[in-house]
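Chemist: Supplied structure: run-v8.txt, compact mmCIF, N, CA and C atoms.
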```
# COMPACT_ATOMS: atom_id res chain seq x y z
N ALA D 1 77.41 102.53 91.12
CA ALA D 1 78.53 101.65 90.81
C ALA D 1 78.84 100.68 91.94
N LEU D 2 77.99 100.63 92.99
CA LEU D 2 78.23 99.68 94.08
C LEU D 2 78.12 98.26 93.55
N HIS D 3 79.03 97.40 93.98
CA HIS D 3 79.03 96.00 93.54
C HIS D 3 77.88 95.26 94.21
N PRO D 4 77.03 94.59 93.44
CA PRO D 4 75.86 93.94 94.03
C PRO D 4 76.19 92.70 94.88
N ASP D 5 77.36 92.12 94.71
CA ASP D 5 77.70 90.89 95.43
C ASP D 5 78.47 91.11 96.73
N TYR D 6 78.85 92.35 97.00
CA TYR D 6 79.63 92.65 98.20
C TYR D 6 78.94 93.77 98.98
N PRO D 7 78.66 93.55 100.26
CA PRO D 7 77.98 94.59 101.05
C PRO D 7 78.94 95.68 101.51
N VAL D 8 78.42 96.87 101.70
CA VAL D 8 79.18 97.94 102.37
C VAL D 8 79.19 97.56 103.85
N ARG D 9 80.38 97.61 104.46
CA ARG D 9 80.48 97.25 105.87
C ARG D 9 81.39 98.25 106.59
N LEU D 10 81.14 98.40 107.88
CA LEU D 10 82.00 99.17 108.76
C LEU D 10 82.90 98.17 109.47
N VAL D 11 84.22 98.30 109.30
CA VAL D 11 85.18 97.35 109.86
C VAL D 11 86.24 98.10 110.67
N SER D 12 87.01 97.34 111.47
CA SER D 12 87.99 98.02 112.31
C SER D 12 89.19 97.14 112.65
N PRO D 13 90.40 97.70 112.46
CA PRO D 13 91.59 97.08 113.04
C PRO D 13 91.96 97.80 114.34
N GLY D 14 91.09 98.69 114.79
CA GLY D 14 91.32 99.54 115.97
C GLY D 14 90.55 100.83 115.82
N SER D 15 90.43 101.30 114.58
CA SER D 15 89.59 102.46 114.27
C SER D 15 88.72 102.08 113.07
N PHE D 16 87.44 102.46 113.15
CA PHE D 16 86.48 102.05 112.13
C PHE D 16 86.68 102.78 110.81
N ARG D 17 86.37 102.07 109.73
CA ARG D 17 86.33 102.62 108.39
C ARG D 17 85.32 101.81 107.59
N PHE D 18 84.77 102.41 106.56
CA PHE D 18 83.81 101.73 105.70
C PHE D 18 84.56 101.00 104.59
N MET D 19 84.13 99.78 104.28
CA MET D 19 84.56 99.05 103.10
C MET D 19 83.45 99.26 102.07
N VAL D 20 83.81 99.87 100.93
CA VAL D 20 82.82 100.22 99.92
C VAL D 20 83.22 99.57 98.59
N PRO D 21 82.55 98.48 98.19
CA PRO D 21 82.90 97.79 96.95
C PRO D 21 82.24 98.42 95.73
N VAL D 22 83.02 98.60 94.67
CA VAL D 22 82.47 99.07 93.40
C VAL D 22 82.72 98.00 92.34
N THR D 23 82.04 98.13 91.22
CA THR D 23 82.03 97.06 90.22
C THR D 23 83.29 96.95 89.38
N SER D 24 84.05 98.04 89.22
CA SER D 24 85.21 97.96 88.33
C SER D 24 86.28 98.99 88.70
N VAL D 25 87.47 98.76 88.18
CA VAL D 25 88.56 99.72 88.37
C VAL D 25 88.20 101.05 87.73
N ASP D 26 87.54 101.01 86.58
CA ASP D 26 87.13 102.26 85.92
C ASP D 26 86.21 103.07 86.82
N ASP D 27 85.24 102.39 87.47
CA ASP D 27 84.35 103.09 88.40
C ASP D 27 85.15 103.69 89.56
N LEU D 28 86.11 102.92 90.06
CA LEU D 28 86.93 103.38 91.18
C LEU D 28 87.72 104.63 90.81
N LEU D 29 88.36 104.60 89.65
CA LEU D 29 89.19 105.74 89.23
C LEU D 29 88.35 106.95 88.84
N ALA D 30 87.10 106.74 88.47
CA ALA D 30 86.22 107.84 88.08
C ALA D 30 85.62 108.58 89.28
N LEU D 31 85.81 108.06 90.48
CA LEU D 31 85.22 108.69 91.66
C LEU D 31 85.73 110.12 91.85
N ARG D 32 84.81 111.01 92.16
CA ARG D 32 85.13 112.39 92.52
C ARG D 32 84.47 112.62 93.87
N PRO D 33 85.16 112.29 94.96
CA PRO D 33 84.54 112.30 96.29
C PRO D 33 84.09 113.68 96.75
N ASP D 34 83.01 113.69 97.48
CA ASP D 34 82.52 114.87 98.17
C ASP D 34 83.08 114.76 99.59
N PHE D 35 84.25 115.36 99.82
CA PHE D 35 84.96 115.18 101.09
C PHE D 35 84.18 115.73 102.29
N ALA D 36 83.42 116.78 102.09
CA ALA D 36 82.63 117.32 103.20
C ALA D 36 81.57 116.30 103.64
N SER D 37 80.93 115.63 102.69
CA SER D 37 79.93 114.61 103.02
C SER D 37 80.57 113.40 103.67
N ILE D 38 81.72 112.97 103.15
CA ILE D 38 82.44 111.84 103.74
C ILE D 38 82.83 112.18 105.18
N ASP D 39 83.33 113.38 105.37
CA ASP D 39 83.72 113.82 106.71
C ASP D 39 82.53 113.76 107.67
N GLN D 40 81.37 114.24 107.24
CA GLN D 40 80.19 114.25 108.12
C GLN D 40 79.72 112.83 108.43
N ILE D 41 79.66 111.97 107.42
CA ILE D 41 79.24 110.58 107.65
C ILE D 41 80.20 109.89 108.61
N CYS D 42 81.50 110.14 108.44
CA CYS D 42 82.48 109.51 109.33
C CYS D 42 82.36 110.03 110.75
N ARG D 43 82.13 111.32 110.90
CA ARG D 43 81.94 111.86 112.26
C ARG D 43 80.68 111.25 112.90
N ASP D 44 79.61 111.12 112.10
CA ASP D 44 78.36 110.57 112.62
C ASP D 44 78.51 109.11 113.04
N THR D 45 79.41 108.37 112.40
CA THR D 45 79.59 106.94 112.70
C THR D 45 80.85 106.66 113.49
N GLN D 46 81.55 107.70 113.90
CA GLN D 46 82.81 107.56 114.64
C GLN D 46 83.80 106.68 113.89
N SER D 47 83.92 106.95 112.59
CA SER D 47 84.87 106.21 111.76
C SER D 47 85.86 107.19 111.15
N ILE D 48 86.93 106.65 110.58
CA ILE D 48 87.98 107.53 110.05
C ILE D 48 87.91 107.74 108.55
N GLY D 49 87.15 106.90 107.83
CA GLY D 49 87.11 107.09 106.40
C GLY D 49 86.41 105.97 105.66
N CYS D 50 86.62 106.00 104.34
CA CYS D 50 86.01 105.03 103.44
C CYS D 50 87.09 104.44 102.53
N PHE D 51 87.20 103.12 102.55
CA PHE D 51 88.10 102.43 101.64
C PHE D 51 87.25 101.86 100.52
N VAL D 52 87.36 102.46 99.34
CA VAL D 52 86.58 102.04 98.19
C VAL D 52 87.46 101.13 97.36
N PHE D 53 86.90 99.98 96.92
CA PHE D 53 87.73 98.98 96.24
C PHE D 53 86.95 98.26 95.15
N SER D 54 87.70 97.69 94.22
CA SER D 54 87.14 96.76 93.23
C SER D 54 87.95 95.48 93.33
N VAL D 55 87.30 94.35 93.07
CA VAL D 55 87.94 93.04 93.19
C VAL D 55 87.97 92.38 91.82
N ASN D 56 89.13 91.85 91.45
CA ASN D 56 89.29 91.12 90.20
C ASN D 56 89.88 89.75 90.48
N ASN D 57 89.73 88.86 89.55
CA ASN D 57 90.42 87.56 89.54
C ASN D 57 90.14 86.69 90.75
N LEU D 58 88.92 86.71 91.28
CA LEU D 58 88.59 85.78 92.35
C LEU D 58 88.08 84.49 91.72
N PRO D 59 88.27 83.32 92.28
CA PRO D 59 88.94 83.01 93.54
C PRO D 59 90.44 82.84 93.35
N GLY D 60 91.10 82.35 94.38
CA GLY D 60 92.54 82.13 94.33
C GLY D 60 93.28 83.40 94.67
N GLU D 61 94.54 83.46 94.24
CA GLU D 61 95.31 84.69 94.46
C GLU D 61 94.66 85.77 93.64
N CYS D 62 94.36 86.88 94.25
CA CYS D 62 93.58 87.88 93.53
C CYS D 62 94.21 89.25 93.63
N GLU D 63 93.67 90.12 92.84
CA GLU D 63 94.14 91.49 92.76
C GLU D 63 92.95 92.40 93.02
N THR D 64 93.19 93.44 93.79
CA THR D 64 92.15 94.44 94.01
C THR D 64 92.77 95.81 93.77
N HIS D 65 91.92 96.77 93.59
CA HIS D 65 92.34 98.16 93.48
C HIS D 65 91.58 98.92 94.56
N GLY D 66 92.24 99.87 95.20
CA GLY D 66 91.57 100.59 96.28
C GLY D 66 91.96 102.06 96.35
N ARG D 67 91.07 102.83 96.99
CA ARG D 67 91.32 104.23 97.30
C ARG D 67 90.77 104.50 98.69
N MET D 68 91.58 105.16 99.53
CA MET D 68 91.18 105.47 100.90
C MET D 68 90.92 106.95 101.04
N PHE D 69 89.70 107.30 101.43
CA PHE D 69 89.30 108.69 101.65
C PHE D 69 89.09 108.87 103.15
N ALA D 70 89.85 109.79 103.76
CA ALA D 70 89.79 109.98 105.21
C ALA D 70 89.90 111.44 105.62
N PRO D 71 89.00 112.31 105.12
CA PRO D 71 89.11 113.73 105.47
C PRO D 71 88.93 114.00 106.95
N THR D 72 88.27 113.12 107.66
CA THR D 72 88.04 113.31 109.09
C THR D 72 89.34 113.35 109.87
N ILE D 73 90.36 112.64 109.38
CA ILE D 73 91.66 112.64 110.06
C ILE D 73 92.68 113.48 109.29
N GLY D 74 92.19 114.33 108.36
CA GLY D 74 93.07 115.26 107.66
C GLY D 74 93.70 114.71 106.39
N VAL D 75 93.22 113.58 105.89
CA VAL D 75 93.79 112.99 104.67
C VAL D 75 92.63 112.79 103.68
N ASP D 76 92.47 113.75 102.77
CA ASP D 76 91.37 113.59 101.81
C ASP D 76 91.49 112.25 101.09
N GLU D 77 92.68 111.98 100.54
CA GLU D 77 92.93 110.67 99.93
C GLU D 77 94.34 110.24 100.24
N ASP D 78 94.47 109.02 100.74
CA ASP D 78 95.77 108.45 101.07
C ASP D 78 96.33 107.77 99.82
N VAL D 79 97.61 107.96 99.55
CA VAL D 79 98.24 107.34 98.38
C VAL D 79 98.24 105.82 98.53
N VAL D 80 98.60 105.34 99.71
CA VAL D 80 98.58 103.91 99.99
C VAL D 80 98.21 103.73 101.46
N ASN D 81 97.37 102.73 101.74
CA ASN D 81 96.90 102.55 103.10
C ASN D 81 96.93 101.07 103.47
N GLY D 82 97.92 100.69 104.26
CA GLY D 82 98.09 99.30 104.66
C GLY D 82 97.03 98.82 105.62
N ASN D 83 96.63 99.66 106.58
CA ASN D 83 95.59 99.25 107.54
C ASN D 83 94.29 98.88 106.83
N SER D 84 93.87 99.73 105.92
CA SER D 84 92.62 99.45 105.20
C SER D 84 92.77 98.26 104.27
N SER D 85 93.94 98.07 103.71
CA SER D 85 94.19 96.90 102.87
C SER D 85 94.08 95.63 103.69
N GLY D 86 94.63 95.65 104.90
CA GLY D 86 94.48 94.50 105.80
C GLY D 86 93.03 94.25 106.15
N CYS D 87 92.28 95.33 106.38
CA CYS D 87 90.85 95.20 106.66
C CYS D 87 90.13 94.55 105.48
N LEU D 88 90.56 94.88 104.26
CA LEU D 88 89.93 94.29 103.08
C LEU D 88 90.10 92.77 103.08
N GLY D 89 91.29 92.29 103.42
CA GLY D 89 91.51 90.85 103.50
C GLY D 89 90.57 90.19 104.49
N ALA D 90 90.44 90.78 105.68
CA ALA D 90 89.55 90.24 106.70
C ALA D 90 88.09 90.34 106.25
N TYR D 91 87.73 91.44 105.63
CA TYR D 91 86.37 91.64 105.11
C TYR D 91 86.01 90.52 104.13
N LEU D 92 86.90 90.27 103.15
CA LEU D 92 86.62 89.24 102.16
C LEU D 92 86.50 87.86 102.80
N MET D 93 87.35 87.58 103.79
CA MET D 93 87.29 86.29 104.47
C MET D 93 86.04 86.15 105.34
N SER D 94 85.41 87.25 105.71
CA SER D 94 84.23 87.19 106.58
C SER D 94 82.93 87.07 105.81
N LEU D 95 82.97 87.18 104.50
CA LEU D 95 81.73 87.11 103.72
C LEU D 95 81.15 85.70 103.74
N PRO D 96 79.85 85.58 103.62
CA PRO D 96 79.21 84.26 103.66
C PRO D 96 79.76 83.28 102.62
N ASN D 97 80.17 83.75 101.45
CA ASN D 97 80.67 82.86 100.40
C ASN D 97 82.20 82.77 100.39
N GLN D 98 82.85 83.06 101.51
CA GLN D 98 84.31 83.08 101.57
C GLN D 98 84.94 81.71 101.38
N GLU D 99 84.17 80.63 101.52
CA GLU D 99 84.76 79.30 101.41
C GLU D 99 85.39 79.04 100.05
N ARG D 100 85.12 79.90 99.06
CA ARG D 100 85.70 79.69 97.74
C ARG D 100 87.23 79.75 97.76
N TRP D 101 87.83 80.42 98.75
CA TRP D 101 89.28 80.40 98.83
C TRP D 101 89.79 79.68 100.06
N GLY D 102 88.94 78.97 100.75
CA GLY D 102 89.37 78.14 101.87
C GLY D 102 89.75 78.94 103.09
N SER D 103 90.81 78.50 103.77
CA SER D 103 91.18 79.14 105.04
C SER D 103 92.22 80.24 104.86
N GLU D 104 92.65 80.49 103.63
CA GLU D 104 93.69 81.50 103.41
C GLU D 104 93.46 82.23 102.09
N LEU D 105 93.66 83.54 102.13
CA LEU D 105 93.52 84.38 100.94
C LEU D 105 94.77 85.22 100.79
N ARG D 106 95.35 85.20 99.62
CA ARG D 106 96.47 86.10 99.29
C ARG D 106 95.92 87.14 98.32
N LEU D 107 96.32 88.36 98.58
CA LEU D 107 95.68 89.48 97.91
C LEU D 107 96.71 90.57 97.62
N GLN D 108 96.65 91.13 96.44
CA GLN D 108 97.44 92.32 96.12
C GLN D 108 96.47 93.49 96.02
N VAL D 109 96.74 94.54 96.79
CA VAL D 109 95.89 95.72 96.78
C VAL D 109 96.67 96.84 96.10
N LEU D 110 96.23 97.20 94.90
CA LEU D 110 96.90 98.23 94.13
C LEU D 110 96.25 99.58 94.43
N GLN D 111 97.08 100.57 94.71
CA GLN D 111 96.59 101.90 95.08
C GLN D 111 97.49 102.96 94.44
N GLY D 112 97.15 104.21 94.63
CA GLY D 112 97.98 105.33 94.21
C GLY D 112 97.84 105.75 92.77
N HIS D 113 97.02 105.06 91.99
CA HIS D 113 96.88 105.41 90.57
C HIS D 113 96.30 106.80 90.36
N ALA D 114 95.41 107.22 91.25
CA ALA D 114 94.79 108.54 91.12
C ALA D 114 95.81 109.66 91.28
N PHE D 115 96.96 109.35 91.91
CA PHE D 115 98.02 110.33 92.12
C PHE D 115 99.17 110.18 91.14
N GLY D 116 99.10 109.15 90.30
CA GLY D 116 100.22 108.87 89.40
C GLY D 116 101.38 108.21 90.13
N HIS D 117 101.14 107.64 91.30
CA HIS D 117 102.16 106.93 92.08
C HIS D 117 101.63 105.55 92.45
N PRO D 118 101.60 104.64 91.48
CA PRO D 118 101.06 103.31 91.79
C PRO D 118 101.84 102.60 92.88
N SER D 119 101.10 101.90 93.72
CA SER D 119 101.72 101.14 94.81
C SER D 119 100.97 99.82 94.95
N CYS D 120 101.58 98.91 95.68
CA CYS D 120 100.97 97.60 95.90
C CYS D 120 101.21 97.18 97.34
N VAL D 121 100.14 96.77 98.02
CA VAL D 121 100.24 96.23 99.36
C VAL D 121 99.88 94.75 99.26
N ASN D 122 100.73 93.89 99.80
CA ASN D 122 100.47 92.45 99.79
C ASN D 122 99.78 92.07 101.09
N ILE D 123 98.69 91.33 100.96
CA ILE D 123 97.87 90.93 102.11
C ILE D 123 97.76 89.42 102.14
N GLU D 124 97.84 88.88 103.33
CA GLU D 124 97.53 87.48 103.55
C GLU D 124 96.51 87.46 104.69
N ALA D 125 95.37 86.85 104.44
CA ALA D 125 94.33 86.73 105.46
C ALA D 125 94.11 85.24 105.70
N LYS D 126 94.14 84.84 106.97
CA LYS D 126 93.99 83.42 107.34
C LYS D 126 92.87 83.27 108.35
N ARG D 127 92.06 82.24 108.13
CA ARG D 127 91.04 81.88 109.11
C ARG D 127 91.67 80.88 110.06
N ILE D 128 91.67 81.23 111.34
CA ILE D 128 92.22 80.36 112.39
C ILE D 128 91.12 80.21 113.42
N GLY D 129 90.42 79.07 113.38
CA GLY D 129 89.26 78.88 114.24
C GLY D 129 88.18 79.86 113.84
N ASN D 130 87.69 80.64 114.79
CA ASN D 130 86.67 81.64 114.47
C ASN D 130 87.26 83.05 114.32
N ARG D 131 88.60 83.14 114.22
CA ARG D 131 89.28 84.43 114.04
C ARG D 131 89.83 84.54 112.62
N ILE D 132 90.07 85.77 112.22
CA ILE D 132 90.77 86.03 110.96
C ILE D 132 91.98 86.87 111.29
N GLU D 133 93.15 86.40 110.89
CA GLU D 133 94.40 87.15 111.06
C GLU D 133 94.83 87.67 109.70
N THR D 134 95.30 88.91 109.69
CA THR D 134 95.81 89.47 108.44
C THR D 134 97.26 89.89 108.61
N PHE D 135 98.00 89.74 107.53
CA PHE D 135 99.39 90.15 107.48
C PHE D 135 99.53 91.12 106.31
N VAL D 136 100.20 92.23 106.57
CA VAL D 136 100.32 93.30 105.59
C VAL D 136 101.79 93.50 105.27
N GLY D 137 102.13 93.61 103.99
CA GLY D 137 103.52 93.84 103.62
C GLY D 137 103.63 94.51 102.27
N GLY D 138 104.82 94.84 101.92
CA GLY D 138 105.10 95.47 100.64
C GLY D 138 106.52 95.99 100.65
N THR D 139 106.87 96.71 99.64
CA THR D 139 108.19 97.32 99.57
C THR D 139 108.01 98.81 99.32
N ALA D 140 109.06 99.56 99.58
CA ALA D 140 109.01 101.00 99.35
C ALA D 140 110.36 101.44 98.80
N ARG D 141 110.35 102.55 98.10
CA ARG D 141 111.60 103.14 97.64
C ARG D 141 111.48 104.65 97.74
N VAL D 142 112.58 105.29 98.00
CA VAL D 142 112.63 106.74 98.09
C VAL D 142 112.67 107.28 96.66
N VAL D 143 111.75 108.18 96.35
CA VAL D 143 111.70 108.73 95.00
C VAL D 143 112.32 110.12 94.93
N GLY D 144 112.65 110.70 96.07
CA GLY D 144 113.30 112.00 96.06
C GLY D 144 112.83 112.87 97.20
N PRO D 145 113.58 113.91 97.48
CA PRO D 145 113.20 114.81 98.58
C PRO D 145 112.02 115.69 98.17
N ILE D 146 111.25 116.07 99.17
CA ILE D 146 110.14 116.97 98.96
C ILE D 146 110.21 118.06 100.01
N ASP D 147 110.16 119.31 99.60
CA ASP D 147 110.11 120.43 100.54
C ASP D 147 108.66 120.76 100.84
N VAL D 148 108.36 120.87 102.12
CA VAL D 148 107.01 121.20 102.56
C VAL D 148 107.07 122.49 103.36
N LEU D 149 106.30 123.47 102.96
CA LEU D 149 106.23 124.74 103.67
C LEU D 149 105.06 124.67 104.64
N ILE D 150 105.35 124.83 105.94
CA ILE D 150 104.30 124.77 106.96
C ILE D 150 104.13 126.14 107.57
```
Let's see the structure in the file written out as structure tokens.
Modeler:
Amino acid sequence: ALHPDYPVRLVSPGSFRFMVPVTSVDDLLALRPDFASIDQICRDTQSIGCFVFSVNNLPGECETHGRMFAPTIGVDEDVVNGNSSGCLGAYLMSLPNQERWGSELRLQVLQGHAFGHPSCVNIEAKRIGNRIETFVGGTARVVGPIDVLI
């Protein structure tokens, strides 16, 4: 289900993670990760995880769906991950065919569907000279208290 037009890349906002493009939201939601294998690959590459995503509605303002798997740092799957979403904006802007959206990309990264808690991270990626800057934002609301037994 890997997307043929987008390469798998190792990217970093400070800690490395893999960007793994798939062809559709259905493929993304159907994933059943082998966390032990992901953990080993991440340890071997000194990375923290894999951000798997699908891209829709390109060019222009676009929407993506993503899932972050990071068993190496104790998070099999993150409900929402802003750092990886920001990396996705920079990743898309760094591709050879990125000129289709010019010097700026606005992106909505939808996550949390696998948990029944949909979320959205808003990304803005800008090309400034030979650099790419990303801005990450969104909103949050408290849904209720949770008791955790440790």
Chemist: For Val55 (chain D), list every protein, DNA or RNA residue within 9 Å, evaluated using only C-alpha atoms, and leave out those in the same chain fewer than 6 positions away; present the list as a compact mmCIF listing (two decimals) with N, CA and C atoms, keeping the file's coordinate frame.
Modeler:
```
# COMPACT_ATOMS: atom_id res chain seq x y z
N PRO D 21 82.55 98.48 98.19
CA PRO D 21 82.90 97.79 96.95
C PRO D 21 82.24 98.42 95.73
N VAL D 22 83.02 98.60 94.67
CA VAL D 22 82.47 99.07 93.40
C VAL D 22 82.72 98.00 92.34
N THR D 23 82.04 98.13 91.22
CA THR D 23 82.03 97.06 90.22
C THR D 23 83.29 96.95 89.38
N SER D 24 84.05 98.04 89.22
CA SER D 24 85.21 97.96 88.33
C SER D 24 86.28 98.99 88.70
N VAL D 25 87.47 98.76 88.18
CA VAL D 25 88.56 99.72 88.37
C VAL D 25 88.20 101.05 87.73
N CYS D 62 94.36 86.88 94.25
CA CYS D 62 93.58 87.88 93.53
C CYS D 62 94.21 89.25 93.63
N GLU D 63 93.67 90.12 92.84
CA GLU D 63 94.14 91.49 92.76
C GLU D 63 92.95 92.40 93.02
N THR D 64 93.19 93.44 93.79
CA THR D 64 92.15 94.44 94.01
C THR D 64 92.77 95.81 93.77
N HIS D 65 91.92 96.77 93.59
CA HIS D 65 92.34 98.16 93.48
C HIS D 65 91.58 98.92 94.56
N GLY D 66 92.24 99.87 95.20
CA GLY D 66 91.57 100.59 96.28
C GLY D 66 91.96 102.06 96.35
```
Chemist: Using the file's own x, y and z axes, so that the box edges lie along x, y and z, what centre and edge lengths in Å (one decimal) does a box around every listed atom of region 2-19 of chain D get when 5 Å is added on each side? Give it as AutoDock Vina command-line options.
Modeler:
```
--center_x 83.9 --center_y 96.8 --center_z 104.5 --size_x 26.1 --size_y 21.9 --size_z 33.0
```
Chemist: Closest to Val80 (chain D) among D:Val8, D:Val143, D:Ile48, D:Val109, using only C-alpha atoms?
Modeler: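 Ranking D:Val8, D:Val143, D:Ile48, D:Val109 by distance to Val80 (chain D), first place goes to D:Val109.
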Chemist: When DSSP works through the backbone of this structure, what residues of region 3-115 of chain D end up as helix (DSSP H, G or I), shown as a PyMOL selection string?
Modeler: chain D and resi 25-30+35-45+71-73+82-94+98-101+113-115
Chemist: For a quick check of understanding, using only C-alpha atoms, which of D:Leu105, D:Ile38, D:Leu92, D:Val142 has the smallest distance to Ile73 (chain D)?
Modeler: D:Ile38
Chemist: Hey, can you check how far CA of Thr139 (chain D) sits from CA of Met19 (chain D)?
Modeler: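 Distance between the two atoms: 24.0 Å.
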Chemist: Can you work out which one of D:Leu95, D:Ile128, D:Ile123, D:Val136 has the shortest atom-to-atom distance to Gln108 (chain D), counting all atoms listed in the file?
Modeler: D:Ile123
Chemist: From the set D:His117, D:His3, D:Arg9, D:Arg106, which residue has the shortest atom-to-atom contact distance to Gly89 (chain D), counting only N, CA and C atoms?
Modeler: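 Comparing D:His117, D:His3, D:Arg9, D:Arg106 against Gly89 (chain D), the winner is D:Arg106.
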Chemist: So which residues touch Ala36 (chain D) within 10 Å, counting only C-alpha atoms, skipping near sequence neighbours fewer than 5 positions away, as a short mmCIF file (atom, residue, chain, number, x, y, z; two decimals) with N, CA and C atoms, keeping the file's coordinate frame?
Modeler:
```cif
data_model
loop_
_atom_site.label_atom_id
_atom_site.label_comp_id
_atom_site.auth_asym_id
_atom_site.auth_seq_id
_atom_site.Cartn_x
_atom_site.Cartn_y
_atom_site.Cartn_z
N ILE D 41 79.66 111.97 107.42
CA ILE D 41 79.24 110.58 107.65
C ILE D 41 80.20 109.89 108.61
N CYS D 42 81.50 110.14 108.44
CA CYS D 42 82.48 109.51 109.33
C CYS D 42 82.36 110.03 110.75
N PRO D 71 89.00 112.31 105.12
CA PRO D 71 89.11 113.73 105.47
C PRO D 71 88.93 114.00 106.95
N THR D 72 88.27 113.12 107.66
CA THR D 72 88.04 113.31 109.09
C THR D 72 89.34 113.35 109.87
N ASP D 76 92.47 113.75 102.77
CA ASP D 76 91.37 113.59 101.81
C ASP D 76 91.49 112.25 101.09
#
```
Chemist: Report, in Å to a single decimal, how far apart CA of Gly138 (chain D) and atom C of Val11 (chain D) are.
Modeler: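 Result for atom C of Val11 (chain D) versus CA of Gly138 (chain D): 21.5 Å, one decimal.
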Chemist: Which residue, D:Leu88, D:Ile150, D:Cys120, D:Ala1, has the smallest gap to Leu28 (chain D) when you use only N, CA and C atoms?
Modeler: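 Of all the options, D:Ala1 lies closest to Leu28 (chain D).
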Chemist: What is the distance between CA of Ser103 (chain D) and atom C of Ser47 (chain D), in Å to one decimal?
Modeler: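 Distance reported for this atom pair: 29.2 Å.
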Chemist: Let's see if you can do this: from backbone DSSP, list all strand (DSSP E or B) residues in region 19-120 of chain D, as a compact mmCIF listing (two decimals) with N, CA and C atoms, in the frame of the given file.
Modeler:
```
# COMPACT_ATOMS: atom_id res chain seq x y z
N MET D 19 84.13 99.78 104.28
CA MET D 19 84.56 99.05 103.10
C MET D 19 83.45 99.26 102.07
N VAL D 20 83.81 99.87 100.93
CA VAL D 20 82.82 100.22 99.92
C VAL D 20 83.22 99.57 98.59
N PRO D 21 82.55 98.48 98.19
CA PRO D 21 82.90 97.79 96.95
C PRO D 21 82.24 98.42 95.73
N VAL D 22 83.02 98.60 94.67
CA VAL D 22 82.47 99.07 93.40
C VAL D 22 82.72 98.00 92.34
N SER D 47 83.92 106.95 112.59
CA SER D 47 84.87 106.21 111.76
C SER D 47 85.86 107.19 111.15
N ILE D 48 86.93 106.65 110.58
CA ILE D 48 87.98 107.53 110.05
C ILE D 48 87.91 107.74 108.55
N GLY D 49 87.15 106.90 107.83
CA GLY D 49 87.11 107.09 106.40
C GLY D 49 86.41 105.97 105.66
N CYS D 50 86.62 106.00 104.34
CA CYS D 50 86.01 105.03 103.44
C CYS D 50 87.09 104.44 102.53
N PHE D 51 87.20 103.12 102.55
CA PHE D 51 88.10 102.43 101.64
C PHE D 51 87.25 101.86 100.52
N VAL D 52 87.36 102.46 99.34
CA VAL D 52 86.58 102.04 98.19
C VAL D 52 87.46 101.13 97.36
N PHE D 53 86.90 99.98 96.92
CA PHE D 53 87.73 98.98 96.24
C PHE D 53 86.95 98.26 95.15
N SER D 54 87.70 97.69 94.22
CA SER D 54 87.14 96.76 93.23
C SER D 54 87.95 95.48 93.33
N VAL D 55 87.30 94.35 93.07
CA VAL D 55 87.94 93.04 93.19
C VAL D 55 87.97 92.38 91.82
N ASN D 56 89.13 91.85 91.45
CA ASN D 56 89.29 91.12 90.20
C ASN D 56 89.88 89.75 90.48
N CYS D 62 94.36 86.88 94.25
CA CYS D 62 93.58 87.88 93.53
C CYS D 62 94.21 89.25 93.63
N GLU D 63 93.67 90.12 92.84
CA GLU D 63 94.14 91.49 92.76
C GLU D 63 92.95 92.40 93.02
N THR D 64 93.19 93.44 93.79
CA THR D 64 92.15 94.44 94.01
C THR D 64 92.77 95.81 93.77
N HIS D 65 91.92 96.77 93.59
CA HIS D 65 92.34 98.16 93.48
C HIS D 65 91.58 98.92 94.56
N GLY D 66 92.24 99.87 95.20
CA GLY D 66 91.57 100.59 96.28
C GLY D 66 91.96 102.06 96.35
N ARG D 67 91.07 102.83 96.99
CA ARG D 67 91.32 104.23 97.30
C ARG D 67 90.77 104.50 98.69
N MET D 68 91.58 105.16 99.53
CA MET D 68 91.18 105.47 100.90
C MET D 68 90.92 106.95 101.04
N PHE D 69 89.70 107.30 101.43
CA PHE D 69 89.30 108.69 101.65
C PHE D 69 89.09 108.87 103.15
N ALA D 70 89.85 109.79 103.76
CA ALA D 70 89.79 109.98 105.21
C ALA D 70 89.90 111.44 105.62
N VAL D 75 93.22 113.58 105.89
CA VAL D 75 93.79 112.99 104.67
C VAL D 75 92.63 112.79 103.68
N ASP D 76 92.47 113.75 102.77
CA ASP D 76 91.37 113.59 101.81
C ASP D 76 91.49 112.25 101.09
N GLU D 77 92.68 111.98 100.54
CA GLU D 77 92.93 110.67 99.93
C GLU D 77 94.34 110.24 100.24
N ASP D 78 94.47 109.02 100.74
CA ASP D 78 95.77 108.45 101.07
C ASP D 78 96.33 107.77 99.82
N GLU D 104 92.65 80.49 103.63
CA GLU D 104 93.69 81.50 103.41
C GLU D 104 93.46 82.23 102.09
N LEU D 105 93.66 83.54 102.13
CA LEU D 105 93.52 84.38 100.94
C LEU D 105 94.77 85.22 100.79
N ARG D 106 95.35 85.20 99.62
CA ARG D 106 96.47 86.10 99.29
C ARG D 106 95.92 87.14 98.32
N LEU D 107 96.32 88.36 98.58
CA LEU D 107 95.68 89.48 97.91
C LEU D 107 96.71 90.57 97.62
N GLN D 108 96.65 91.13 96.44
CA GLN D 108 97.44 92.32 96.12
C GLN D 108 96.47 93.49 96.02
N VAL D 109 96.74 94.54 96.79
CA VAL D 109 95.89 95.72 96.78
C VAL D 109 96.67 96.84 96.10
N LEU D 110 96.23 97.20 94.90
CA LEU D 110 96.90 98.23 94.13
C LEU D 110 96.25 99.58 94.43
N GLN D 111 97.08 100.57 94.71
CA GLN D 111 96.59 101.90 95.08
C GLN D 111 97.49 102.96 94.44
N SER D 119 101.10 101.90 93.72
CA SER D 119 101.72 101.14 94.81
C SER D 119 100.97 99.82 94.95
N CYS D 120 101.58 98.91 95.68
CA CYS D 120 100.97 97.60 95.90
C CYS D 120 101.21 97.18 97.34
```
Chemist: I'd like to know which of D:Val121, D:Cys87, D:Asp147, D:Gly112 is closest to Ser12 (chain D), using only N, CA and C atoms.
Modeler: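 Under the stated criterion, the closest residue is D:Cys87.
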Chemist: Fewer than 3 positions away in the same chain doesn't count, so skip those; otherwise give me all residues within 6.5 Å of Gly86 (chain D), counting only N, CA and C atoms, as number ranges by chain.
Modeler: D: 81-83, 89-91, 123, 134-136
